[in-house]
>>> print(open('target_25.txt').read())   # compact mmCIF, C-alpha atoms
# COMPACT_ATOMS: atom_id res chain seq x y z
CA MET A 381 -92.71 -18.06 -68.29
CA PRO A 382 -90.45 -19.26 -71.14
CA MET A 383 -92.06 -21.72 -73.56
CA ASN A 384 -90.72 -25.29 -73.68
CA ALA A 385 -88.80 -24.85 -70.44
CA ILE A 386 -87.77 -27.56 -68.02
CA VAL A 387 -89.98 -26.71 -65.04
CA VAL A 388 -88.90 -27.86 -61.59
CA GLY A 389 -91.17 -27.54 -58.58
CA VAL A 390 -89.31 -26.58 -55.41
CA GLY A 391 -90.77 -26.66 -51.92
CA ARG A 392 -89.34 -25.85 -48.51
CA THR A 393 -87.82 -29.33 -48.12
CA THR A 394 -86.70 -29.97 -51.70
CA ASP A 395 -83.18 -31.38 -51.76
CA ASP A 396 -80.47 -29.77 -53.88
CA ALA A 397 -80.17 -33.10 -55.76
CA VAL A 398 -83.50 -32.33 -57.44
CA LEU A 399 -82.31 -28.89 -58.56
CA ASP A 400 -79.02 -30.38 -59.75
CA TRP A 401 -80.84 -32.97 -61.85
CA ALA A 402 -83.18 -30.39 -63.38
CA ALA A 403 -80.30 -28.04 -64.19
CA ALA A 404 -78.34 -30.85 -65.86
CA GLU A 405 -81.42 -31.88 -67.84
CA ALA A 406 -82.02 -28.32 -69.04
CA GLY A 407 -78.40 -28.06 -70.11
CA ALA A 408 -78.54 -31.38 -71.97
CA CYS A 409 -81.76 -30.40 -73.74
CA GLY A 410 -80.67 -26.83 -74.49
CA ALA A 411 -83.86 -25.64 -72.77
CA PRO A 412 -84.45 -22.81 -70.33
CA LEU A 413 -84.91 -23.74 -66.68
CA THR A 414 -87.90 -22.42 -64.76
CA VAL A 415 -88.01 -22.94 -61.00
CA VAL A 416 -91.49 -22.71 -59.49
CA HIS A 417 -92.12 -22.25 -55.78
CA VAL A 418 -95.62 -22.28 -54.34
CA PRO A 419 -95.47 -20.80 -50.83
CA PRO A 420 -97.80 -22.10 -48.15
CA ALA A 421 -100.93 -20.02 -47.66
CA SER A 422 -99.70 -19.23 -44.13
CA ALA A 423 -96.37 -17.85 -45.38
CA PRO A 424 -95.91 -14.16 -44.56
CA GLN A 425 -96.10 -11.76 -47.48
CA GLY A 426 -93.24 -9.29 -47.70
CA PRO A 427 -89.64 -8.88 -48.86
CA ASP A 428 -88.38 -11.58 -51.19
CA GLY A 429 -85.70 -12.93 -48.86
CA PRO A 430 -86.76 -16.56 -49.51
CA VAL A 431 -86.84 -15.85 -53.24
CA ALA A 432 -83.32 -14.43 -53.15
CA ALA A 433 -82.13 -17.52 -51.29
CA LEU A 434 -83.84 -19.74 -53.86
CA ARG A 435 -82.16 -17.85 -56.70
CA GLU A 436 -78.80 -18.51 -55.03
CA ARG A 437 -79.60 -22.23 -54.80
CA VAL A 438 -80.60 -22.32 -58.46
CA ALA A 439 -77.42 -20.51 -59.54
CA ALA A 440 -75.33 -22.96 -57.52
CA ALA A 441 -77.15 -25.95 -59.07
CA VAL A 442 -76.59 -24.60 -62.60
CA ALA A 443 -72.90 -24.10 -61.81
CA ARG A 444 -72.54 -27.63 -60.41
CA ALA A 445 -74.22 -29.04 -63.52
CA GLY A 446 -71.87 -27.09 -65.77
CA ALA A 447 -74.93 -25.89 -67.65
CA GLU A 448 -75.33 -22.62 -69.48
CA VAL A 449 -79.06 -22.11 -69.57
CA PRO A 450 -81.32 -19.14 -68.93
CA THR A 451 -83.04 -19.53 -65.58
CA THR A 452 -86.21 -18.05 -64.15
CA VAL A 453 -87.45 -18.26 -60.57
CA GLU A 454 -91.17 -17.76 -60.10
CA VAL A 455 -93.17 -17.65 -56.90
CA LEU A 456 -96.74 -18.53 -57.78
CA PRO A 457 -99.23 -18.44 -54.94
CA GLY A 458 -102.04 -20.93 -55.10
CA ARG A 459 -104.13 -23.17 -52.92
CA SER A 460 -102.75 -26.34 -54.53
CA VAL A 461 -99.11 -26.97 -55.41
CA ALA A 462 -100.19 -29.68 -57.84
CA ASP A 463 -102.67 -27.42 -59.62
CA VAL A 464 -100.01 -24.74 -60.11
CA LEU A 465 -97.47 -27.21 -61.50
CA VAL A 466 -100.01 -28.86 -63.78
CA GLY A 467 -100.98 -25.43 -65.06
CA VAL A 468 -97.46 -24.34 -65.93
CA ALA A 469 -96.75 -27.76 -67.46
CA ALA A 470 -99.03 -26.86 -70.36
CA ASP A 471 -96.22 -24.74 -71.85
CA ALA A 472 -93.29 -26.84 -70.57
CA SER A 473 -91.23 -29.47 -72.35
CA ALA A 474 -90.86 -31.42 -69.10
CA VAL A 475 -91.62 -31.17 -65.38
CA VAL A 476 -89.30 -32.24 -62.55
CA ILE A 477 -90.38 -32.83 -58.96
CA GLY A 478 -88.74 -34.40 -55.95
CA ARG A 479 -89.88 -37.37 -53.93
CA ARG A 480 -89.35 -37.45 -50.19
CA THR A 481 -87.94 -40.42 -48.35
CA VAL A 482 -90.54 -42.19 -46.25
CA ARG A 483 -90.25 -44.93 -43.68
CA GLY A 484 -91.92 -48.26 -44.13
CA PRO A 485 -93.61 -49.26 -47.40
CA ARG A 486 -93.16 -46.49 -49.94
CA THR A 487 -96.31 -44.85 -51.20
CA LEU A 488 -96.76 -42.09 -53.73
CA GLY A 489 -97.63 -38.70 -52.21
CA ARG A 490 -100.75 -36.77 -53.11
CA VAL A 491 -98.92 -33.93 -54.87
CA THR A 492 -96.68 -36.28 -56.86
CA THR A 493 -99.66 -38.37 -57.93
CA ALA A 494 -101.65 -35.32 -59.02
CA VAL A 495 -98.77 -33.84 -61.02
CA VAL A 496 -97.89 -37.11 -62.77
CA GLU A 497 -101.55 -37.77 -63.59
CA GLY A 498 -102.43 -34.24 -64.64
CA ALA A 499 -99.39 -32.76 -66.40
CA ALA A 500 -99.46 -32.67 -70.19
CA ALA A 501 -95.65 -32.84 -70.35
CA PRO A 502 -93.44 -35.77 -69.29
CA VAL A 503 -92.82 -35.72 -65.53
CA THR A 504 -89.57 -36.88 -63.93
CA VAL A 505 -89.67 -37.75 -60.23
CA VAL A 506 -86.24 -37.50 -58.59
CA PRO A 507 -85.85 -39.22 -55.20
CA HIS A 508 -84.16 -37.11 -52.57
CA ASP A 509 -82.21 -40.14 -51.35
CA ARG A 510 -80.93 -41.39 -54.69
CA PRO A 511 -77.39 -42.81 -54.59
CA ALA A 512 -74.54 -40.85 -56.12
CA PRO A 513 -74.19 -41.65 -59.84
CA ALA A 514 -71.69 -44.40 -60.56
CA ASP A 515 -68.73 -43.92 -62.87
CA GLY A 516 -69.25 -44.87 -66.48
CA PRO A 517 -72.32 -44.80 -68.72
CA ARG A 518 -75.55 -46.10 -67.26
CA PRO A 519 -78.42 -47.13 -69.52
CA VAL A 520 -81.74 -45.41 -69.95
CA VAL A 521 -84.17 -48.21 -69.02
CA VAL A 522 -87.70 -48.24 -70.41
CA GLY A 523 -90.55 -50.64 -69.75
CA VAL A 524 -92.77 -51.76 -72.64
CA ASP A 525 -95.91 -53.90 -72.74
CA GLY A 526 -97.44 -53.34 -76.17
CA SER A 527 -99.66 -50.41 -75.15
CA ALA A 528 -99.66 -47.03 -76.88
CA PRO A 529 -98.32 -45.21 -73.77
CA ALA A 530 -95.46 -47.73 -73.62
CA VAL A 531 -94.57 -47.03 -77.26
CA ALA A 532 -94.57 -43.29 -76.46
CA ALA A 533 -92.32 -43.98 -73.45
CA LEU A 534 -89.96 -46.02 -75.64
CA ARG A 535 -89.78 -43.26 -78.23
CA TYR A 536 -89.02 -40.71 -75.48
CA ALA A 537 -86.39 -42.95 -73.85
CA ALA A 538 -84.67 -43.54 -77.19
CA GLY A 539 -84.46 -39.78 -77.68
CA VAL A 540 -82.88 -39.35 -74.23
CA ALA A 541 -80.38 -42.14 -74.89
CA ALA A 542 -79.43 -40.70 -78.28
CA ARG A 543 -79.05 -37.17 -76.89
CA ALA A 544 -76.93 -38.30 -73.94
CA ASP A 545 -75.00 -40.94 -75.88
CA LEU A 546 -76.15 -43.62 -73.43
CA PRO A 547 -77.20 -47.24 -73.93
CA LEU A 548 -80.93 -47.95 -74.12
CA GLU A 549 -82.28 -51.01 -72.32
CA VAL A 550 -85.79 -52.04 -73.29
CA VAL A 551 -87.50 -54.28 -70.72
CA LEU A 552 -90.54 -56.41 -71.46
CA ALA A 553 -91.73 -58.48 -68.51
CA TRP A 554 -94.11 -61.32 -69.19
CA GLN A 555 -96.15 -63.93 -67.39
CA MET A 556 -98.22 -66.70 -68.95
CA ARG A 557 -101.45 -64.99 -68.00
CA THR A 558 -100.40 -61.72 -69.69
CA LEU A 559 -99.52 -63.41 -73.01
CA ALA A 560 -102.14 -66.17 -73.19
CA PRO A 561 -103.44 -67.29 -75.52
CA LEU A 562 -100.48 -67.22 -77.88
CA PRO A 563 -101.29 -66.41 -81.51
CA GLY A 564 -102.64 -69.54 -83.21
CA LYS A 565 -103.25 -71.32 -79.91
CA GLU A 566 -106.56 -71.98 -78.23
CA TRP A 567 -107.48 -71.29 -74.63
CA GLY A 568 -106.95 -74.42 -72.54
CA TYR A 569 -103.72 -75.42 -74.30
CA THR A 570 -100.49 -74.60 -72.47
CA PRO A 571 -97.51 -74.27 -74.83
CA PRO A 572 -93.93 -74.67 -73.59
CA LEU A 573 -92.43 -71.69 -71.77
CA ASP A 574 -89.97 -71.20 -74.64
CA ASP A 575 -92.92 -70.40 -76.92
CA TYR A 576 -94.00 -67.65 -74.53
CA ALA A 577 -90.46 -66.26 -74.35
CA ARG A 578 -90.19 -66.18 -78.15
CA HIS A 579 -93.53 -64.40 -78.42
CA ALA A 580 -92.40 -61.87 -75.78
CA ARG A 581 -89.29 -61.15 -77.84
CA THR A 582 -91.51 -60.64 -80.89
CA LEU A 583 -93.62 -58.15 -78.95
CA LEU A 584 -90.50 -56.26 -77.86
CA ASP A 585 -89.23 -56.08 -81.44
CA GLY A 586 -92.67 -54.84 -82.51
CA ALA A 587 -92.51 -52.06 -79.91
CA LEU A 588 -89.10 -50.99 -81.22
CA GLU A 589 -90.50 -50.88 -84.74
CA ALA A 590 -93.63 -48.96 -83.66
CA ALA A 591 -91.48 -46.40 -81.83
CA ASP A 592 -89.16 -46.10 -84.85
CA VAL A 593 -86.06 -46.69 -82.72
CA HIS A 594 -82.81 -46.70 -84.64
CA LEU A 595 -79.81 -47.15 -82.35
CA PRO A 596 -76.63 -49.14 -82.99
CA ASP A 597 -76.87 -52.71 -81.71
CA ALA A 598 -73.98 -51.98 -79.34
CA ARG A 599 -76.15 -49.41 -77.54
CA LEU A 600 -79.43 -51.31 -77.58
CA VAL A 601 -80.18 -53.98 -74.98
CA ARG A 602 -83.31 -56.12 -75.28
CA SER A 603 -84.35 -57.59 -71.92
CA VAL A 604 -87.19 -60.12 -71.89
CA VAL A 605 -87.91 -61.01 -68.26
CA HIS A 606 -90.21 -63.73 -66.92
CA GLY A 607 -91.91 -62.00 -64.00
CA THR A 608 -93.90 -58.92 -63.11
CA ALA A 609 -93.21 -55.58 -64.76
CA THR A 610 -92.82 -53.85 -61.40
CA ASN A 611 -90.15 -56.27 -60.17
CA ALA A 612 -88.30 -56.25 -63.49
CA LEU A 613 -88.07 -52.45 -63.58
CA LEU A 614 -87.15 -52.09 -59.91
CA GLU A 615 -84.38 -54.68 -60.36
CA ALA A 616 -83.08 -52.62 -63.29
CA ALA A 617 -83.22 -49.32 -61.37
CA PRO A 618 -79.86 -49.60 -59.54
CA ARG A 619 -77.99 -49.77 -62.85
CA ALA A 620 -80.11 -47.17 -64.66
CA ASP A 621 -79.42 -43.54 -65.42
CA ARG A 622 -83.19 -43.21 -65.30
CA LEU A 623 -86.30 -45.33 -65.77
CA VAL A 624 -88.94 -44.35 -68.31
CA VAL A 625 -92.50 -45.70 -68.14
CA GLY A 626 -95.84 -44.96 -69.73
CA ARG A 627 -98.48 -43.43 -67.54
CA ARG A 628 -100.85 -46.31 -68.19
CA GLY A 629 -100.47 -49.87 -69.37
CA LEU A 630 -102.51 -52.73 -70.71
CA SER A 631 -104.23 -54.16 -67.65
CA GLY A 632 -107.64 -53.04 -66.51
CA VAL A 633 -106.20 -51.43 -63.38
CA ASP A 634 -103.65 -49.55 -65.45
CA ARG A 635 -106.35 -47.85 -67.49
CA ILE A 636 -107.43 -45.89 -64.41
CA LEU A 637 -105.37 -42.72 -64.09
CA LEU A 638 -101.78 -43.54 -63.14
CA GLY A 639 -101.14 -47.22 -63.83
CA SER A 640 -100.32 -49.59 -60.99
CA VAL A 641 -96.87 -50.43 -62.40
CA SER A 642 -95.99 -46.78 -62.99
CA ARG A 643 -97.20 -45.84 -59.52
CA GLN A 644 -95.08 -48.48 -57.80
CA VAL A 645 -91.97 -47.71 -59.83
CA VAL A 646 -92.22 -43.97 -59.17
CA ALA A 647 -92.76 -44.60 -55.46
CA ARG A 648 -89.98 -47.12 -54.95
CA ALA A 649 -87.16 -46.68 -57.49
CA ARG A 650 -83.95 -45.12 -56.20
CA CYS A 651 -83.19 -43.52 -59.59
CA PRO A 652 -85.11 -40.76 -61.40
CA VAL A 653 -88.28 -42.01 -63.12
CA THR A 654 -89.81 -40.25 -66.12
CA VAL A 655 -93.51 -40.85 -66.76
CA VAL A 656 -94.72 -40.30 -70.34
CA HIS A 657 -98.32 -40.39 -71.50
>>> encode(input="target_25.txt", output="structure tokens")
Amino acid sequence: MPMNAIVVGVGRTTDDAVLDWAAAEAGACGAPLTVVHVPPASAPQGPDGPVAALRERVAAAVARAGAEVPTTVEVLPGRSVADVLVGVAADASAVVIGRRTVRGPRTLGRVTTAVVEGAAAPVTVVPHDRPAPADGPRPVVVGVDGSAPAVAALRYAAGVAARADLPLEVVLAWQMRTLAPLPGKEWGYTPPLDDYARHARTLLDGALEAADVHLPDARLVRSVVHGTATNALLEAAPRADRLVVGRRGLSGVDRILLGSVSRQVVARARCPVTVVH
């Protein structure tokens, strides 16, 4: 398998939109594209008819993306799709997987959760039902909260925005309980909301400095939102080229494997979501 490839996991029901996105990403990064299929244990062993069909789908996706990248199709048997993808991710620059549409409240599937939690490389989850891209540039939107994973996500998002010549929108959502007590203030004293908003803007500027982001002001949007991080990012998703989040955040819940905000955004956003650790 080529080193530093964009690896996309493809199953029997994977939509062509996932292949298209992975092919375009490989072309934009100048990276080889490796397509990995893990057949079900019950699948008959024999001629590679399904593999030939998959190669045709991959070639068509590369053509639609207008990409000129070397491609490899690998069928890797294994008991666990997630284990196979996590294993190949060790040598990949990024992993791409699809997310099925579900009815009712959206939850994150077992395979998606395991890949996002276990892969060493950034993982982008592409929804099968994502709307067609709108005309004109759409920003790369990244959520920050002051944690180290959020700084890593911001650094990654800035690189994507610079490479694709897209705006970068940095979102910091705040609530009084997440910022209290403000520096120099004691517990039990409630400053005006404007003081919290100013402190939130200071935290956002600090994240930009920590991530060493240098983009022209015309392409950098600072969004300080009073509310939950999940709602702020999901409200930004319809206008985003992609969302970028850290795998974990600051809260106690977020320190356990995949953070609660990241989990909800990956499960519910209609645009691709890249998770960085």
>>> closest_residue(input="target_25.txt", among="A:Val604, A:Ala537, A:Leu399, A:Val522", to="A:Val506", atoms="all atoms listed in the file")
A:Leu399
>>> closest_residue(input="target_25.txt", among="A:Asp574, A:Asp545, A:Ala580, A:Cys409", to="A:Leu559", atoms="all atoms listed in the file")
A:Ala580
>>> closest_residue(input="target_25.txt", among="A:Leu600, A:Val418, A:Ala577, A:Ala500", to="A:Arg392", atoms="all atoms listed in the file")
A:Val418
>>> atom_distance(input="target_25.txt", atom1="atom CA of A:Val655", atom2="atom CA of A:Asp400")
19.2 Å
>>> atom_distance(input="target_25.txt", atom1="atom CA of A:Asp395", atom2="atom CA of A:Cys651")
14.4 Å
>>> atom_distance(input="target_25.txt", atom1="atom CA of A:Arg435", atom2="atom CA of A:Asp621")
27.3 Å
>>> closest_atom_pairs(input="target_25.txt", of="stretch 402-422 of chain A", to="stretch 443-456 of chain A", cutoff="6 Å", atoms="all atoms listed in the file", output="Markdown table")
| residue | atom | partner | partner_atom | distance |
| --- | --- | --- | --- | --- |
| A:Ala404 | CA | A:Ala445 | CA | 5.1 |
| A:Gly407 | CA | A:Ala447 | CA | 4.8 |
| A:Pro412 | CA | A:Pro450 | CA | 5.0 |
| A:Leu413 | CA | A:Thr451 | CA | 4.7 |
| A:Thr414 | CA | A:Thr452 | CA | 4.7 |
| A:Val415 | CA | A:Val453 | CA | 4.7 |
| A:Val416 | CA | A:Glu454 | CA | 5.0 |
| A:His417 | CA | A:Val455 | CA | 4.8 |
| A:Val418 | CA | A:Leu456 | CA | 5.2 |
>>> write_last_selection(input="target_25.txt", atoms="C-alpha atoms", output="mmCIF file, in the frame of the given file")
data_model
loop_
_atom_site.group_PDB
_atom_site.id
_atom_site.type_symbol
_atom_site.label_atom_id
_atom_site.label_comp_id
_atom_site.auth_asym_id
_atom_site.auth_seq_id
_atom_site.Cartn_x
_atom_site.Cartn_y
_atom_site.Cartn_z
ATOM 1 C CA ALA A 404 -78.340 -30.850 -65.860
ATOM 2 C CA GLY A 407 -78.400 -28.060 -70.110
ATOM 3 C CA PRO A 412 -84.450 -22.810 -70.330
ATOM 4 C CA LEU A 413 -84.910 -23.740 -66.680
ATOM 5 C CA THR A 414 -87.900 -22.420 -64.760
ATOM 6 C CA VAL A 415 -88.010 -22.940 -61.000
ATOM 7 C CA VAL A 416 -91.490 -22.710 -59.490
ATOM 8 C CA HIS A 417 -92.120 -22.250 -55.780
ATOM 9 C CA VAL A 418 -95.620 -22.280 -54.340
#
>>> closest_residue(input="target_25.txt", among="A:Glu589, A:Asp575, A:Asp597, A:Glu549", to="A:Val624", atoms="only C-alpha atoms")
A:Glu549
>>> residues_around(input="target_25.txt", residues="A:Val540", least_positions_apart="2", cutoff="10 Å", atoms="all atoms listed in the file", output="MDAnalysis selection string")
chainID A and resid 405 408:409 520 534:538 542:548 622 624
>>> closest_residue(input="target_25.txt", among="A:Ala402, A:Val641, A:Ala528, A:Val550", to="A:Ala616", atoms="all atoms listed in the file")
A:Val550
>>> axis_aligned_box(input="target_25.txt", around="stretch 525-534 of chain A", padding_each_side="3 Å", output="lines of an AutoDock Vina configuration file")
center_x = -94.8
center_y = -48.6
center_z = -75.0
size_x = 15.7
size_y = 16.6
size_z = 10.5
>>> residues_near_point(input="target_25.txt", point="(-96.3, -37.4, -53.5)", cutoff="10 Å", atoms="all atoms listed in the file", output="PyMOL selection string")
chain A and resi 462+477-480+487-496+505+646-647
>>> residues_around(input="target_25.txt", residues="A:Ala533", least_positions_apart="4", cutoff="6 Å", atoms="only C-alpha atoms", output="number ranges by chain")
A: 625-626, 656
>>> closest_residue(input="target_25.txt", among="A:Pro502, A:His579, A:Leu573, A:Val521", to="A:Ala385", atoms="only C-alpha atoms")
A:Pro502
>>> residues_around(input="target_25.txt", residues="stretch 611-615 of chain A", least_positions_apart="4", cutoff="8 Å", atoms="only C-alpha atoms", output="PyMOL selection string")
chain A and resi 521+523+551+553+605+607+623+645+648-649
>>> write_last_selection(input="target_25.txt", atoms="C-alpha atoms", output="CSV table (one decimal), in the coordinates of the input")
chain,number,residue,atom,x,y,z
A,521,VAL,CA,-84.2,-48.2,-69.0
A,523,GLY,CA,-90.6,-50.6,-69.8
A,551,VAL,CA,-87.5,-54.3,-70.7
A,553,ALA,CA,-91.7,-58.5,-68.5
A,605,VAL,CA,-87.9,-61.0,-68.3
A,607,GLY,CA,-91.9,-62.0,-64.0
A,623,LEU,CA,-86.3,-45.3,-65.8
A,645,VAL,CA,-92.0,-47.7,-59.8
A,648,ARG,CA,-90.0,-47.1,-55.0
A,649,ALA,CA,-87.2,-46.7,-57.5
